[in-house]
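Following: one structure in structure tokens, then a few remarks.
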Amino acid sequence: MSYQHGKSNPGAMIQTVEQARRRNAELRIELSALLTENAQIEARIKTMRADLTMAYRKLARQIRDMDAVQAQAELVAASKRFASTLPPPIYGGREGLQAATEEMLAHEQRGLKLAKAPRPVKGPSCGTGRKYDQGCRCGECVAWKAAKDTRRQASKKLREQAAA
């Protein structure tokens, strides 16, 4: 019902204090019921969100697993296609093993080694500080030591002159 000018009844609009208190108590009861219902609904929403998040994660994991399986299947199919295009092996199976055995026996009879010999470990060359410290007093090592001492003395004199 909408408002109409001059049609209001002032006596009907006025409530007694007791009626206002009663109405206030009813509204408070209704408010407390609504607040408890709101708390229950929020708790249900929280659990539903958690369940939804878990379901989303599970679905995402399953999708990733499915993509990985599909990629693996494609790789297997590609390798099968590639293997089908290769010519058959020349030395395969029993004949290949027999040929390899005969080849190894022929190498052994000739005294040849199947593996390369390891390279010998070289020591320091002459004319180095390491060789000189090991006790080498050949002309090259002595000349290296003399040149090093001369350089050291020259740099020491330069530092002293720069400091003075």
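Convention: chains lettered A, B, ... in structure tokens order; per-chain residue numbering from 1; ligands numbered from 1 as shown.
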- All helix (DSSP H, G or I) residues (DSSP, backbone) inside segment 4-123 of chain A, as a PyMOL selection string: chain A and resi 10-13+17-85+93-110
Take the residues just selected and output them with C-alpha atoms as a PDB file, in the first residue's frame.
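Done, and the output landed in out_8.pdb:
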ATOM      1  CA  PRO A  10      -2.628   9.366  13.348  1.00  0.00           C
ATOM      2  CA  GLY A  11      -4.169   7.168  16.032  1.00  0.00           C
ATOM      3  CA  ALA A  12      -3.241   3.961  14.226  1.00  0.00           C
ATOM      4  CA  MET A  13       0.423   4.973  13.869  1.00  0.00           C
ATOM      5  CA  VAL A  17       5.654   1.467  24.984  1.00  0.00           C
ATOM      6  CA  GLU A  18       4.735  -2.104  25.748  1.00  0.00           C
ATOM      7  CA  GLN A  19       4.023  -2.869  22.079  1.00  0.00           C
ATOM      8  CA  ALA A  20       7.334  -1.265  21.072  1.00  0.00           C
ATOM      9  CA  ARG A  21       9.230  -3.338  23.661  1.00  0.00           C
ATOM     10  CA  ARG A  22       7.505  -6.512  22.507  1.00  0.00           C
ATOM     11  CA  ARG A  23       8.323  -5.710  18.874  1.00  0.00           C
ATOM     12  CA  ASN A  24      11.929  -4.941  19.848  1.00  0.00           C
ATOM     13  CA  ALA A  25      12.238  -8.278  21.685  1.00  0.00           C
ATOM     14  CA  GLU A  26      10.831 -10.141  18.660  1.00  0.00           C
ATOM     15  CA  LEU A  27      13.294  -8.371  16.372  1.00  0.00           C
ATOM     16  CA  ARG A  28      16.209  -9.215  18.703  1.00  0.00           C
ATOM     17  CA  ILE A  29      15.208 -12.891  18.729  1.00  0.00           C
ATOM     18  CA  GLU A  30      14.934 -12.855  14.952  1.00  0.00           C
ATOM     19  CA  LEU A  31      18.340 -11.126  14.697  1.00  0.00           C
ATOM     20  CA  SER A  32      20.033 -13.718  16.924  1.00  0.00           C
ATOM     21  CA  ALA A  33      18.466 -16.543  14.881  1.00  0.00           C
ATOM     22  CA  LEU A  34      19.681 -14.916  11.674  1.00  0.00           C
ATOM     23  CA  LEU A  35      23.200 -14.482  13.114  1.00  0.00           C
ATOM     24  CA  THR A  36      23.443 -18.155  14.106  1.00  0.00           C
ATOM     25  CA  GLU A  37      22.105 -19.192  10.704  1.00  0.00           C
ATOM     26  CA  ASN A  38      24.666 -16.904   9.047  1.00  0.00           C
ATOM     27  CA  ALA A  39      27.508 -18.500  11.060  1.00  0.00           C
ATOM     28  CA  GLN A  40      26.313 -21.989  10.046  1.00  0.00           C
ATOM     29  CA  ILE A  41      26.058 -20.983   6.393  1.00  0.00           C
ATOM     30  CA  GLU A  42      29.559 -19.434   6.480  1.00  0.00           C
ATOM     31  CA  ALA A  43      30.970 -22.650   7.986  1.00  0.00           C
ATOM     32  CA  ARG A  44      29.280 -24.709   5.244  1.00  0.00           C
ATOM     33  CA  ILE A  45      30.621 -22.320   2.605  1.00  0.00           C
ATOM     34  CA  LYS A  46      34.139 -22.674   4.045  1.00  0.00           C
ATOM     35  CA  THR A  47      33.985 -26.483   3.922  1.00  0.00           C
ATOM     36  CA  MET A  48      32.478 -26.389   0.419  1.00  0.00           C
ATOM     37  CA  ARG A  49      35.285 -24.093  -0.765  1.00  0.00           C
ATOM     38  CA  ALA A  50      37.886 -26.438   0.731  1.00  0.00           C
ATOM     39  CA  ASP A  51      36.233 -29.416  -0.981  1.00  0.00           C
ATOM     40  CA  LEU A  52      36.051 -27.508  -4.249  1.00  0.00           C
ATOM     41  CA  THR A  53      39.729 -26.546  -4.004  1.00  0.00           C
ATOM     42  CA  MET A  54      40.723 -30.158  -3.340  1.00  0.00           C
ATOM     43  CA  ALA A  55      38.603 -31.342  -6.268  1.00  0.00           C
ATOM     44  CA  TYR A  56      40.156 -28.688  -8.523  1.00  0.00           C
ATOM     45  CA  ARG A  57      43.680 -29.736  -7.514  1.00  0.00           C
ATOM     46  CA  LYS A  58      42.837 -33.385  -8.102  1.00  0.00           C
ATOM     47  CA  LEU A  59      41.383 -32.587 -11.510  1.00  0.00           C
ATOM     48  CA  ALA A  60      44.398 -30.462 -12.458  1.00  0.00           C
ATOM     49  CA  ARG A  61      46.741 -33.310 -11.378  1.00  0.00           C
ATOM     50  CA  GLN A  62      44.738 -35.807 -13.440  1.00  0.00           C
ATOM     51  CA  ILE A  63      44.865 -33.495 -16.456  1.00  0.00           C
ATOM     52  CA  ARG A  64      48.653 -33.159 -16.110  1.00  0.00           C
ATOM     53  CA  ASP A  65      48.995 -36.935 -15.780  1.00  0.00           C
ATOM     54  CA  MET A  66      46.799 -37.460 -18.835  1.00  0.00           C
ATOM     55  CA  ASP A  67      48.876 -34.955 -20.832  1.00  0.00           C
ATOM     56  CA  ALA A  68      52.050 -36.756 -19.779  1.00  0.00           C
ATOM     57  CA  VAL A  69      50.603 -40.120 -20.815  1.00  0.00           C
ATOM     58  CA  GLN A  70      49.503 -38.706 -24.181  1.00  0.00           C
ATOM     59  CA  ALA A  71      52.958 -37.193 -24.765  1.00  0.00           C
ATOM     60  CA  GLN A  72      54.583 -40.512 -23.870  1.00  0.00           C
ATOM     61  CA  ALA A  73      52.241 -42.387 -26.211  1.00  0.00           C
ATOM     62  CA  GLU A  74      53.106 -39.960 -29.020  1.00  0.00           C
ATOM     63  CA  LEU A  75      56.820 -40.493 -28.368  1.00  0.00           C
ATOM     64  CA  VAL A  76      56.406 -44.266 -28.440  1.00  0.00           C
ATOM     65  CA  ALA A  77      54.439 -44.058 -31.682  1.00  0.00           C
ATOM     66  CA  ALA A  78      57.070 -41.765 -33.212  1.00  0.00           C
ATOM     67  CA  SER A  79      59.880 -44.116 -32.192  1.00  0.00           C
ATOM     68  CA  LYS A  80      57.998 -47.062 -33.685  1.00  0.00           C
ATOM     69  CA  ARG A  81      57.556 -45.161 -36.938  1.00  0.00           C
ATOM     70  CA  PHE A  82      61.253 -44.257 -36.940  1.00  0.00           C
ATOM     71  CA  ALA A  83      62.333 -47.824 -36.131  1.00  0.00           C
ATOM     72  CA  SER A  84      60.203 -49.161 -38.985  1.00  0.00           C
ATOM     73  CA  THR A  85      62.074 -46.940 -41.465  1.00  0.00           C
ATOM     74  CA  GLY A  93      71.657 -61.757 -33.497  1.00  0.00           C
ATOM     75  CA  ARG A  94      73.674 -64.947 -33.297  1.00  0.00           C
ATOM     76  CA  GLU A  95      75.693 -64.279 -36.464  1.00  0.00           C
ATOM     77  CA  GLY A  96      76.798 -60.872 -35.167  1.00  0.00           C
ATOM     78  CA  LEU A  97      77.999 -62.370 -31.882  1.00  0.00           C
ATOM     79  CA  GLN A  98      79.945 -65.067 -33.691  1.00  0.00           C
ATOM     80  CA  ALA A  99      81.560 -62.473 -36.001  1.00  0.00           C
ATOM     81  CA  ALA A 100      82.549 -60.313 -33.012  1.00  0.00           C
ATOM     82  CA  THR A 101      84.025 -63.331 -31.224  1.00  0.00           C
ATOM     83  CA  GLU A 102      86.092 -64.270 -34.255  1.00  0.00           C
ATOM     84  CA  GLU A 103      87.293 -60.673 -34.638  1.00  0.00           C
ATOM     85  CA  MET A 104      88.377 -60.535 -30.989  1.00  0.00           C
ATOM     86  CA  LEU A 105      90.255 -63.839 -31.324  1.00  0.00           C
ATOM     87  CA  ALA A 106      92.056 -62.534 -34.420  1.00  0.00           C
ATOM     88  CA  HIS A 107      93.142 -59.387 -32.542  1.00  0.00           C
ATOM     89  CA  GLU A 108      94.404 -61.424 -29.598  1.00  0.00           C
ATOM     90  CA  GLN A 109      96.377 -63.765 -31.872  1.00  0.00           C
ATOM     91  CA  ARG A 110      98.109 -60.786 -33.501  1.00  0.00           C
TER      92      ARG A 110
END
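What separates atom CA of Val142 of chain A from atom CA of Gly129 of chain A is a distance of 9.8 Å.
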- Task: Identify, on the basis of only C-alpha atoms, every residue whose closest approach to segment 114-128 of chain A does not exceed 6 Å; exclude the query and any residue fewer than 2 positions from it along the same chain; express the result as a VMD selection string.
- Result: chain A and resid 130 to 131 140 to 141 144
Next, write the just-selected residues to a file, as a CSV table (one decimal), in the first residue's frame, keeping C-alpha atoms as the atom set.
chain,number,residue,atom,x,y,z
A,130,ARG,CA,107.8,-26.2,-9.6
A,131,LYS,CA,110.6,-28.0,-11.3
A,140,GLU,CA,117.2,-23.5,-17.9
A,141,CYS,CA,115.8,-23.8,-14.3
A,144,TRP,CA,114.4,-19.0,-14.7
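Straight-line separation from atom CA of Lys148 of chain A to atom CA of Ala162 of chain A: 21.2 Å.
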